[in-house]
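**Student:** What follows is entry-v1.txt, made up of compact mmCIF, C-alpha atoms:
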# COMPACT_ATOMS: atom_id res chain seq x y z
CA MET R 6 115.46 111.58 100.91
CA SER R 7 117.14 111.74 97.52
CA SER R 8 116.45 109.10 94.90
CA PRO R 9 119.12 106.39 94.62
CA GLN R 10 121.62 107.18 91.87
CA THR R 11 123.85 104.89 89.84
CA PHE R 12 127.35 106.00 88.83
CA VAL R 13 128.71 105.38 85.34
CA TYR R 14 131.82 103.23 85.11
CA GLN R 15 134.40 105.07 82.99
CA PRO R 16 137.05 103.67 80.58
CA ARG R 17 140.89 103.80 80.74
CA PHE R 18 140.90 101.78 83.95
CA ILE R 19 139.79 98.25 84.88
CA TRP R 20 139.64 96.05 87.94
CA GLU R 21 141.29 92.62 87.89
CA SER R 22 140.73 89.74 90.29
CA GLY R 23 143.38 89.19 92.94
CA ILE R 24 143.91 86.92 95.93
CA TRP R 25 142.92 89.70 98.35
CA GLY R 26 140.21 91.25 96.24
CA ALA R 27 140.01 93.38 93.11
CA ILE R 28 143.21 95.01 91.86
CA PRO R 29 143.03 98.28 89.88
CA ARG R 30 144.92 98.55 86.58
CA TRP R 31 145.30 101.40 84.10
CA LEU R 32 144.53 100.43 80.51
CA SER R 33 146.95 103.12 79.31
CA PRO R 34 149.14 105.58 81.21
CA PRO R 35 148.45 109.33 81.09
CA ASP R 36 150.17 111.11 78.23
CA VAL R 37 153.17 113.10 79.50
CA THR R 38 152.94 115.63 76.67
CA ALA R 39 149.33 116.37 77.59
CA ILE R 40 150.31 116.71 81.26
CA GLU R 41 153.01 119.25 80.37
CA SER R 42 150.56 121.19 78.21
CA VAL R 43 147.91 121.37 80.94
CA ALA R 44 150.44 122.25 83.63
CA ARG R 45 151.95 124.99 81.46
CA LYS R 46 148.56 126.59 80.97
CA HIS R 47 147.60 126.59 84.65
CA LEU R 48 151.04 127.72 85.83
CA ARG R 49 150.79 130.58 83.33
CA LEU R 50 154.29 130.09 82.01
CA SER R 51 155.81 132.35 79.39
CA ALA R 52 157.00 131.14 76.00
CA GLY R 53 160.59 131.06 77.23
CA ASP R 54 159.87 128.80 80.18
CA HIS R 55 160.61 125.10 79.81
CA ILE R 56 158.45 122.54 81.60
CA SER R 57 159.20 118.87 82.19
CA ALA R 58 156.94 116.15 83.62
CA THR R 59 158.59 112.95 84.84
CA PHE R 60 157.10 109.94 86.58
CA PHE R 61 157.39 110.38 90.34
CA ALA R 62 155.35 107.72 92.14
CA GLU R 63 152.06 105.85 92.04
CA GLY R 64 149.41 104.61 94.41
CA ALA R 65 146.46 102.29 94.06
CA PHE R 66 144.37 104.82 92.12
CA ASN R 67 146.83 107.58 91.17
CA LYS R 68 149.94 108.21 89.10
CA LEU R 69 152.12 111.13 90.18
CA PHE R 70 154.37 113.19 87.93
CA ALA R 71 157.00 115.67 89.11
CA ILE R 72 156.77 119.00 87.31
CA THR R 73 160.00 120.98 86.91
CA VAL R 74 160.07 124.48 85.43
CA SER R 75 163.20 126.16 84.07
CA ASN R 76 163.81 129.56 82.54
CA GLY R 77 166.31 130.14 79.78
CA GLY R 78 167.83 126.71 80.22
CA SER R 79 168.43 127.24 83.94
CA THR R 80 166.49 124.84 86.16
CA LEU R 81 164.88 126.54 89.13
CA GLY R 82 165.96 123.72 91.46
CA SER R 83 164.22 120.43 92.17
CA PRO R 84 160.65 119.72 91.01
CA GLN R 85 158.31 122.43 92.25
CA TYR R 86 154.95 120.83 91.49
CA ILE R 87 153.16 117.50 91.46
CA PHE R 88 150.64 116.51 88.81
CA ARG R 89 148.49 113.66 90.03
CA ALA R 90 146.48 111.76 87.45
CA THR R 91 143.57 109.94 89.05
CA ALA R 92 141.77 106.86 87.80
CA PRO R 93 137.98 107.30 87.65
CA VAL R 94 137.26 104.88 90.49
CA GLU R 95 134.63 107.24 91.94
CA PRO R 96 133.94 109.68 89.09
CA PHE R 97 133.88 113.34 90.19
CA PHE R 98 133.45 112.72 93.92
CA LYS R 99 136.95 111.47 94.76
CA THR R 100 138.82 114.34 93.10
CA ALA R 101 136.32 117.07 94.00
CA GLY R 102 136.24 115.88 97.60
CA GLU R 103 140.00 115.88 98.05
CA VAL R 104 140.44 119.36 96.56
CA ALA R 105 137.72 120.83 98.78
CA THR R 106 139.09 119.06 101.86
CA LEU R 107 142.59 120.48 101.31
CA SER R 108 141.17 123.96 100.82
CA TYR R 109 139.07 123.64 103.98
CA LEU R 110 142.06 122.50 106.03
CA GLN R 111 144.15 125.44 104.82
CA GLU R 112 141.42 127.85 105.89
CA HIS R 113 140.51 126.27 109.24
CA THR R 114 143.69 124.59 110.55
CA SER R 115 147.47 124.98 110.61
CA ILE R 116 148.00 121.46 109.24
CA PRO R 117 150.62 121.68 106.45
CA VAL R 118 148.94 120.34 103.31
CA PRO R 119 149.74 120.77 99.60
CA ARG R 120 148.39 123.92 97.96
CA ILE R 121 146.15 123.14 95.00
CA ILE R 122 146.81 125.15 91.84
CA ALA R 123 144.19 123.60 89.55
CA HIS R 124 142.17 120.44 89.13
CA SER R 125 139.71 118.64 86.90
CA SER R 126 137.06 116.43 88.47
CA THR R 127 136.05 115.05 85.08
CA SER R 128 137.92 112.86 82.58
CA ASP R 129 136.67 115.03 79.72
CA ASN R 130 139.91 116.97 79.30
CA GLU R 131 143.21 116.98 77.42
CA VAL R 132 144.85 114.42 79.72
CA GLY R 133 141.89 112.04 79.51
CA CYS R 134 141.48 111.49 83.25
CA GLU R 135 140.75 113.43 86.42
CA TRP R 136 143.78 115.29 87.76
CA ILE R 137 145.14 117.62 90.43
CA LEU R 138 148.04 120.06 90.00
CA MET R 139 149.55 121.02 93.35
CA GLU R 140 152.69 122.46 94.87
CA LYS R 141 155.26 119.84 95.83
CA VAL R 142 155.78 119.59 99.59
CA PRO R 143 159.51 120.01 100.36
CA GLY R 144 161.27 117.27 102.27
CA VAL R 145 161.35 113.49 102.36
CA ALA R 146 158.85 110.85 103.39
CA LEU R 147 159.22 110.00 107.07
CA ALA R 148 159.43 106.35 105.98
CA ASP R 149 162.86 107.07 104.48
CA ALA R 150 164.21 108.45 107.77
CA TRP R 151 162.31 106.59 110.50
CA ASN R 152 164.83 103.81 111.10
CA ASP R 153 167.68 106.30 111.41
CA ILE R 154 166.23 108.51 114.17
CA ASP R 155 166.17 107.93 117.91
CA LEU R 156 163.14 107.48 120.15
CA GLU R 157 163.28 111.06 121.41
CA THR R 158 163.05 112.45 117.88
CA LYS R 159 160.29 109.98 117.04
CA SER R 160 158.44 111.24 120.12
CA LYS R 161 158.70 114.84 118.86
CA VAL R 162 157.30 113.82 115.49
CA THR R 163 154.50 111.88 117.20
CA ARG R 164 153.58 114.93 119.31
CA SER R 165 153.37 117.04 116.15
CA VAL R 166 151.09 114.49 114.48
CA ALA R 167 148.93 114.37 117.62
CA GLY R 168 148.59 118.14 117.47
CA TYR R 169 147.31 117.93 113.90
CA VAL R 170 144.88 115.15 114.83
CA ARG R 171 143.60 117.32 117.68
CA GLN R 172 142.88 120.10 115.19
CA LEU R 173 140.83 117.68 113.09
CA ARG R 174 138.88 116.56 116.15
CA ASP R 175 138.31 120.15 117.24
CA LEU R 176 136.31 120.60 114.03
CA ARG R 177 133.83 117.96 115.21
CA GLN R 178 131.18 120.49 116.24
CA ARG R 179 130.98 121.73 112.66
CA PHE R 180 129.78 118.43 111.14
CA THR R 181 126.56 116.57 111.92
CA GLY R 182 126.90 113.83 109.33
CA ILE R 183 129.30 111.25 107.89
CA GLY R 184 130.49 112.32 104.48
CA THR R 185 133.07 114.12 102.35
CA LEU R 186 133.59 117.86 101.93
CA TYR R 187 132.91 119.55 98.58
CA PHE R 188 132.76 123.07 97.22
CA ARG R 189 129.08 124.01 97.18
CA GLU R 190 129.24 125.55 93.70
CA GLU R 191 131.09 122.60 92.17
CA ILE R 192 128.75 119.94 93.50
CA ASP R 193 125.66 121.98 92.56
CA THR R 194 126.96 122.22 89.01
CA PHE R 195 127.76 118.51 88.86
CA ASN R 196 124.43 117.13 90.07
CA ALA R 197 121.60 119.07 91.65
CA ALA R 198 120.14 115.78 92.98
CA VAL R 199 122.98 115.39 95.47
CA ARG R 200 121.79 115.98 99.04
CA VAL R 201 124.23 117.94 101.18
CA SER R 202 124.63 119.41 104.64
CA ARG R 203 125.87 122.99 104.48
CA THR R 204 128.76 124.21 106.61
CA GLU R 205 128.90 127.44 108.59
CA ASP R 206 130.57 129.59 105.93
CA GLY R 207 128.43 128.31 103.05
CA LYS R 208 131.45 127.79 100.78
CA TYR R 209 131.66 124.08 101.57
CA VAL R 210 129.08 121.34 101.95
CA LEU R 211 129.18 117.85 103.41
CA GLY R 212 128.09 115.40 100.74
CA PRO R 213 128.36 111.69 99.81
CA LEU R 214 131.19 109.85 101.57
CA VAL R 215 134.05 108.74 99.32
CA THR R 216 135.39 105.39 100.50
CA PRO R 217 137.04 102.53 98.59
CA TYR R 218 134.49 100.20 100.15
CA MET R 219 131.85 101.80 97.92
CA PHE R 220 133.80 101.61 94.65
CA ALA R 221 136.49 98.89 94.86
CA GLY R 222 135.94 96.30 92.15
CA GLY R 223 134.01 98.59 89.82
CA ARG R 224 130.68 96.77 90.14
CA LYS R 225 129.68 98.83 93.17
CA LEU R 226 129.48 101.90 90.95
CA ARG R 227 126.45 100.15 89.42
CA VAL R 228 124.82 99.74 92.82
CA PRO R 229 122.23 102.53 93.34
CA ARG R 230 122.71 104.55 96.50
CA ASP R 231 121.53 107.80 98.01
CA LEU R 232 123.77 110.74 97.16
CA ARG R 233 123.91 112.28 100.62
CA PRO R 234 125.92 112.17 103.85
CA TYR R 235 124.89 109.62 106.49
CA SER R 236 123.08 111.06 109.49
CA ASN R 237 124.42 108.64 112.10
CA ASP R 238 126.56 105.56 112.75
CA ALA R 239 123.70 103.15 112.05
CA GLU R 240 123.02 104.62 108.59
CA TYR R 241 126.72 104.48 107.78
CA ILE R 242 127.37 100.85 108.73
CA THR R 243 124.06 99.72 107.21
CA ALA R 244 124.97 101.41 103.92
CA LEU R 245 128.33 99.63 103.83
CA ALA R 246 126.73 96.24 104.41
CA ALA R 247 124.02 96.97 101.84
CA SER R 248 126.65 97.95 99.27
CA GLU R 249 128.39 94.58 99.70
CA ARG R 250 125.09 92.68 99.58
CA GLU R 251 123.96 94.42 96.37
CA ASP R 252 127.38 93.83 94.84
CA MET R 253 126.96 90.10 95.42
CA LYS R 254 123.48 90.22 93.90
CA LEU R 255 124.98 91.73 90.76
CA LEU R 256 127.37 88.78 90.55
CA LEU R 257 124.43 86.38 90.83
CA SER R 258 122.32 88.15 88.21
CA PRO R 259 121.64 86.33 84.89
CA ASP R 260 123.68 88.82 82.83
CA ALA R 261 126.62 89.05 85.27
CA ARG R 262 129.04 87.32 82.88
CA LEU R 263 128.35 89.91 80.20
CA HIS R 264 130.15 92.58 82.21
CA SER R 265 133.93 93.03 82.16
CA ASP R 266 133.98 93.28 85.95
CA PHE R 267 132.62 89.74 86.44
CA ASP R 268 134.66 87.80 89.02
CA GLU R 269 134.02 84.07 88.70
CA ASP R 270 135.80 83.11 91.94
CA LEU R 271 133.90 85.72 93.94
CA ALA R 272 130.63 84.71 92.28
CA GLU R 273 131.08 81.21 93.70
CA ASP R 274 131.11 82.70 97.21
CA ALA R 275 128.39 85.30 96.61
CA GLU R 276 125.52 83.37 98.21
CA GLU R 277 127.58 82.58 101.31
CA ILE R 278 128.68 86.22 101.58
CA ILE R 279 125.04 87.34 101.54
CA GLN R 280 124.24 84.79 104.25
CA VAL R 281 127.08 86.07 106.46
CA LEU R 282 125.91 89.65 105.99
CA ASP R 283 122.43 88.55 107.07
CA GLU R 284 123.96 86.95 110.17
CA LEU R 285 125.77 90.20 110.97
CA GLN R 286 122.64 92.32 110.63
CA PRO R 287 121.21 91.68 114.14
CA ILE R 288 124.50 92.85 115.66
CA LEU R 289 124.56 95.97 113.47
CA SER R 290 121.06 96.96 114.51
CA VAL R 291 121.88 97.10 118.23
CA LEU R 292 125.55 98.13 118.37
CA PHE R 293 125.56 101.23 116.18
CA PRO R 294 123.83 104.37 117.48
CA SER R 295 121.07 105.94 115.42
CA GLN R 296 120.81 109.21 117.35
CA PRO R 297 122.28 112.43 115.89
CA ARG R 298 125.83 113.31 116.88
CA ASN R 299 128.87 115.22 115.63
CA PHE R 300 131.64 113.73 113.52
CA ALA R 301 135.27 114.71 112.98
CA LEU R 302 137.43 114.69 109.87
CA GLN R 303 139.81 111.74 109.89
CA HIS R 304 142.90 111.06 107.81
CA HIS R 305 142.60 107.28 107.50
CA ASP R 306 146.18 106.71 106.31
CA LEU R 307 148.60 108.65 108.50
CA SER R 308 151.44 106.37 107.52
CA LEU R 309 155.17 107.12 107.48
CA ARG R 310 154.93 107.44 103.69
CA ASN R 311 152.33 110.24 103.93
CA ILE R 312 154.17 112.35 106.50
CA ILE R 313 156.82 114.59 104.88
CA VAL R 314 159.68 115.95 107.00
CA ASP R 315 162.75 118.14 106.69
CA PRO R 316 165.63 115.60 106.43
CA ALA R 317 167.87 117.79 108.62
CA THR R 318 165.50 118.71 111.45
CA TYR R 319 162.71 116.11 111.08
CA GLN R 320 160.17 118.91 111.38
CA ILE R 321 156.96 117.99 109.56
CA THR R 322 156.66 119.96 106.31
CA GLY R 323 153.50 118.35 105.00
CA ILE R 324 150.78 115.74 105.39
CA VAL R 325 149.75 114.27 102.02
CA ASP R 326 147.32 111.77 100.49
CA TRP R 327 143.97 113.25 101.53
CA ASP R 328 141.85 111.40 98.98
CA CYS R 329 138.94 109.41 100.42
CA VAL R 330 139.10 111.51 103.61
CA GLY R 331 135.85 112.46 105.27
CA THR R 332 134.04 112.77 108.56
CA ARG R 333 133.82 109.44 110.37
CA PRO R 334 132.42 107.94 113.60
CA ARG R 335 134.53 108.33 116.71
CA TRP R 336 134.99 104.56 117.07
CA GLU R 337 136.92 104.55 113.76
CA ASP R 338 139.27 107.26 114.99
CA THR R 339 142.03 105.33 116.76
CA TYR R 340 145.77 105.79 116.33
CA PRO R 341 147.66 106.93 113.21
CA GLN R 342 148.63 104.01 111.01
CA PHE R 343 152.33 104.32 111.84
CA LEU R 344 151.60 103.75 115.56
CA LEU R 345 149.43 100.65 115.22
CA GLY R 346 150.77 97.47 116.79
CA PRO R 347 150.32 94.96 119.62
CA GLU R 348 150.76 95.70 123.31
CA ILE R 349 154.11 94.54 124.75
CA THR R 350 153.84 93.46 128.39
CA GLU R 351 157.54 93.17 129.22
CA GLU R 352 160.49 95.52 128.84
CA ILE R 353 162.43 94.96 125.62
CA GLU R 354 166.18 95.18 125.40
CA PRO R 355 167.28 97.88 122.93
CA LEU R 356 168.59 96.58 119.64
CA ALA R 357 172.34 96.29 119.46
CA PRO R 358 173.97 98.29 116.65
CA GLY R 359 173.79 96.29 113.44
CA ASP R 360 171.30 93.75 114.82
CA THR R 361 169.11 92.66 111.90
CA ASP R 362 167.44 89.62 113.45
CA ALA R 363 163.87 89.83 112.14
CA PHE R 364 162.23 88.64 115.38
CA ARG R 365 164.14 91.06 117.62
CA VAL R 366 163.67 93.96 115.19
CA GLU R 367 159.91 93.39 115.05
CA ARG R 368 159.58 93.18 118.84
CA TRP R 369 161.62 96.34 119.30
CA GLU R 370 159.54 98.20 116.71
CA ASN R 371 156.32 97.09 118.42
CA TRP R 372 157.70 98.19 121.81
CA GLU R 373 158.58 101.60 120.31
CA LYS R 374 155.09 101.95 118.86
CA MET R 375 153.55 101.18 122.24
CA LYS R 376 155.68 103.88 123.90
CA LEU R 377 154.82 106.34 121.14
CA ARG R 378 151.10 105.66 121.57
CA LEU R 379 151.47 106.88 125.16
CA VAL R 380 153.17 110.02 123.83
CA PHE R 381 150.32 110.46 121.35
CA ASP R 382 147.68 110.10 124.08
CA ARG R 383 149.39 112.55 126.42
CA GLU R 384 149.73 115.16 123.70
CA LEU R 385 146.15 114.67 122.61
CA GLY R 386 144.91 114.96 126.17
CA GLU R 387 142.90 111.76 126.09
CA ALA R 388 143.69 108.05 126.37
CA ARG R 389 142.10 105.49 124.07
CA HIS R 390 139.31 104.27 126.33
CA ASP R 391 136.51 102.32 124.67
CA ASP R 392 132.86 103.00 125.30
CA ASP R 393 132.10 100.07 127.63
CA GLY R 394 133.74 97.68 125.18
CA ARG R 395 131.36 98.56 122.36
CA ASP R 396 133.82 100.58 120.30
CA GLU R 397 136.21 97.65 120.02
CA ILE R 398 133.38 95.41 118.80
CA ARG R 399 132.29 98.11 116.33
CA ARG R 400 135.80 98.21 114.90
CA GLU R 401 135.87 94.42 114.67
CA ILE R 402 132.53 94.38 112.85
CA ARG R 403 133.78 97.02 110.42
CA LYS R 404 136.82 94.79 109.83
CA GLN R 405 134.57 91.81 109.10
CA LEU R 406 132.87 93.80 106.34
CA ASP R 407 136.30 94.00 104.68
CA ILE R 408 137.03 90.33 105.29
CA VAL R 409 133.70 88.85 104.21
CA GLY R 410 134.31 89.44 100.49
CA VAL R 411 137.71 87.75 100.69
CA SER R 412 137.00 84.96 103.17
CA PRO R 413 133.31 84.56 104.05
CA GLY R 414 134.15 81.50 106.15
CA MET R 415 136.47 83.53 108.35
CA ALA R 416 133.83 86.23 108.82
CA ARG R 417 131.18 83.60 109.61
CA ASN R 418 133.44 82.06 112.26
CA TRP R 419 133.89 85.50 113.82
CA VAL R 420 130.12 85.97 114.02
CA LYS R 421 129.71 82.60 115.73
CA GLU R 422 132.62 83.05 118.13
CA SER R 423 131.88 86.67 118.99
CA GLY R 424 128.11 86.46 119.23
CA GLU R 425 128.19 85.54 122.90
CA ARG R 426 130.75 88.24 123.70
CA CYS R 427 128.63 90.86 121.94
CA ALA R 428 125.59 89.74 123.90
CA ASN R 429 127.53 89.98 127.17
CA VAL R 430 128.71 93.52 126.40
CA LEU R 431 125.20 94.60 125.48
CA SER R 432 123.81 93.02 128.64
CA GLU R 433 126.40 94.70 130.89
CA THR R 434 126.02 98.15 129.36
CA SER R 435 122.22 98.05 129.48
CA GLN R 436 122.16 97.50 133.24
Represent the structure of the file as structure tokens.
**Tutor:**
Amino acid sequence: MSSPQTFVYQPRFIWESGIWGAIPRWLSPPDVTAIESVARKHLRLSAGDHISATFFAEGAFNKLFAITVSNGGSTLGSPQYIFRATAPVEPFFKTAGEVATLSYLQEHTSIPVPRIIAHSSTSDNEVGCEWILMEKVPGVALADAWNDIDLETKSKVTRSVAGYVRQLRDLRQRFTGIGTLYFREEIDTFNAAVRVSRTEDGKYVLGPLVTPYMFAGGRKLRVPRDLRPYSNDAEYITALAASEREDMKLLLSPDARLHSDFDEDLAEDAEEIIQVLDELQPILSVLFPSQPRNFALQHHDLSLRNIIVDPATYQITGIVDWDCVGTRPRWEDTYPQFLLGPEITEEIEPLAPGDTDAFRVERWENWEKMKLRLVFDRELGEARHDDDGRDEIRREIRKQLDIVGVSPGMARNWVKESGERCANVLSETSQ
């Protein structure tokens, strides 16, 4: 087993306290001139080529800039590239993992993903932060077209997404751990102490899992942890709980207030959070398997915003936002985010043209999602059946690990109310 390592928290980016947890904030935006300079070099433009970088979009940890190249004053059309500046929330691993994952998918699947041109997994560069330069996927976000297309077209899109998910699941036999993909040479150069599981072709390795749960708030980067993939479900869930527990201990330490990431409101709840985690531990130890198994790559945010389509045909032209993607347990692999919703037991009347009543719109959208989940299951060739009720409880427990840092009382109530149900499920499945 590798020795626990502590990551260094980098500048240019801070975490601020929010109602629902820590909120990331850039101290200063990336310099556009530097972005244009770096992009010019890696695109190998001639002296006569003009390059322009303009703000395009931003996410929780990234700022995107559209790169347009013109020759002799004539623009070659719409932006051809995307430059994504990344905050150092998980130094090296987040950027290196995404680049390797995209490369792996291009080599082993037909999933349409952005082609990477160049990247830097260190902030020690001209831009001053980690970055990825990639080709821009043509089309529009499905979110911009979803409300204008009929159920039949939505079904076609859903079948296409299901086909891509099936390809990810078909890779399951290749991975025997829970982690993130990296280029072997890049991770060896970064830190020889990192433990990895090698893949069949030797070009890629499975290494430490990149997940916001392990870095959100900044303090968790100061929590020592093993730099390796998890061998089984039990190791994975135990590591998540331990990360939260050690984070709370940092808040309770004598010098906690000396750090810029000190959260006074959270510190007041730290002892209770640790107690709730201790109450969860007995459930973790019996519900999560410790035997070896295979794990599939999962895109955790298949939302309408991350699915790009041709606006004329609604054919999928790209799936984007692959950061923090890794191999995960099967019980975490449910439906794409855009299909999640409650079950509707009765038939719903179609919305009348122009009907904007919020209640009726929401019920119709939930009914559509339910129908589309059936389409997804049929295309995938498997329905979403739980493993004797355990998978549902596993997902609920994973959810409580997210909730406990925001509302420890709510998580504690869940433990009390669900304890008997967990015991019943365990009793029934052991017979």
**Student:** What's around R:Ala92 at 7 Å? Count all atoms listed in the file, leave out sequence neighbours fewer than 2 positions away in its own chain, and write the answer as a list of chain:residue names.
**Tutor:**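 These residues fall inside the cut-off: R:Phe18, R:Phe66, R:Asn67, R:Ala90, R:Val94, R:Cys134, R:Glu135.
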**Student:** List every residue of stretch 81-151 of chain R that has an atom at most 12 Å from any atom of stretch 158-161 of chain R, and for each one report the closest atom pair and its distance in Å to one decimal, counting only C-alpha atoms, with rows sorted by chain and then by increasing residue number, as JSON lines.
**Tutor:**
{"residue": "R:Leu147", "atom": "CA", "partner": "R:Lys159", "partner_atom": "CA", "distance": 10.0}
{"residue": "R:Ala148", "atom": "CA", "partner": "R:Lys159", "partner_atom": "CA", "distance": 11.7}
{"residue": "R:Ala150", "atom": "CA", "partner": "R:Lys159", "partner_atom": "CA", "distance": 10.2}
{"residue": "R:Trp151", "atom": "CA", "partner": "R:Lys159", "partner_atom": "CA", "distance": 7.6}
**Student:** Keeping only C-alpha atoms, write the selected residues as a compact mmCIF listing (two decimals), in the frame of the given file.
**Tutor:**
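So the final result, stored in again39.txt, reads:
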# COMPACT_ATOMS: atom_id res chain seq x y z
CA LEU R 147 159.22 110.00 107.07
CA ALA R 148 159.43 106.35 105.98
CA ALA R 150 164.21 108.45 107.77
CA TRP R 151 162.31 106.59 110.50
**Student:** If you count only C-alpha atoms, which residues fall within 12 Å of R:Asp283, apart from same-chain ones fewer than 5 positions away, as a PyMOL selection string?
**Tutor:** chain R and resi 243+246-247+249-250+276-278+288-290+406+409+413+416-417+420
**Student:** Check the smallest atom-to-atom distance from each of R:Glu103, R:Asp149, R:Asp206, R:Glu348 to R:Leu379 using only C-alpha atoms, then report the winner.
**Tutor:** R:Glu348
**Student:** Please, what distance in Å, to one decimal, runs between atom CA of R:Pro84 and atom CA of R:Val37?
**Tutor:**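 Atom CA of R:Val37 lies 15.2 Å from atom CA of R:Pro84.
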**Student:** Would you be able to write out as a VMD selection string which residues have an atom within 12 Å of (157.5, 116.0, 121.0) in the file's coordinates, counting all atoms listed in the file?
**Tutor:** chain R and resid 156 to 168 319 to 321 377 379 to 385
**Student:** How would the residues just picked look written out with C-alpha atoms as a CSV table (one decimal), keeping the file's coordinate frame?
**Tutor:**
chain,number,residue,atom,x,y,z
R,156,LEU,CA,163.1,107.5,120.2
R,157,GLU,CA,163.3,111.1,121.4
R,158,THR,CA,163.0,112.4,117.9
R,159,LYS,CA,160.3,110.0,117.0
R,160,SER,CA,158.4,111.2,120.1
R,161,LYS,CA,158.7,114.8,118.9
R,162,VAL,CA,157.3,113.8,115.5
R,163,THR,CA,154.5,111.9,117.2
R,164,ARG,CA,153.6,114.9,119.3
R,165,SER,CA,153.4,117.0,116.2
R,166,VAL,CA,151.1,114.5,114.5
R,167,ALA,CA,148.9,114.4,117.6
R,168,GLY,CA,148.6,118.1,117.5
R,319,TYR,CA,162.7,116.1,111.1
R,320,GLN,CA,160.2,118.9,111.4
R,321,ILE,CA,157.0,118.0,109.6
R,377,LEU,CA,154.8,106.3,121.1
R,379,LEU,CA,151.5,106.9,125.2
R,380,VAL,CA,153.2,110.0,123.8
R,381,PHE,CA,150.3,110.5,121.4
R,382,ASP,CA,147.7,110.1,124.1
R,383,ARG,CA,149.4,112.6,126.4
R,384,GLU,CA,149.7,115.2,123.7
R,385,LEU,CA,146.2,114.7,122.6
**Student:** Suppose you want the space between atom CA of R:Glu401 and atom CA of R:Leu307; what is it in Å?
**Tutor:** 20.1 Å
**Student:** Could you give me the axis-aligned bounding box of stretch 238-249 of chain R, with 4 Å of padding per side, as centre plus edge lengths in Å to one decimal, as JSON?
**Tutor:**
{"center_x": 125.7, "center_y": 100.1, "center_z": 106.0, "size_x": 13.4, "size_y": 19.0, "size_z": 21.5}
**Student:** Quick one: of R:Asp362, R:Asp252, R:Glu397, R:Asp54, who's nearest to R:Cys427, counting all atoms listed in the file?
**Tutor:** R:Glu397
**Student:** For the atom pair atom CA of R:Glu352 and atom CA of R:Asp338, what is the interatomic distance in Å to one decimal place?
**Tutor:**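 Result for atom CA of R:Glu352 versus atom CA of R:Asp338: 27.9 Å, one decimal.
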**Student:** Just the residues within 12 Å of R:Glu367, please, counting only C-alpha atoms, with nothing from its chain fewer than 4 positions along; format it as a VMD selection string.
**Tutor:** chain R and resid 346 to 347 349 353 355 to 356 360 to 363 371 to 374
**Student:** Which is closer to R:Val145 than all the others in R:Ser108, R:Asn196, R:Thr318, R:Thr73, using all atoms listed in the file?
**Tutor:**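 Of all the options, R:Thr318 lies closest to R:Val145.
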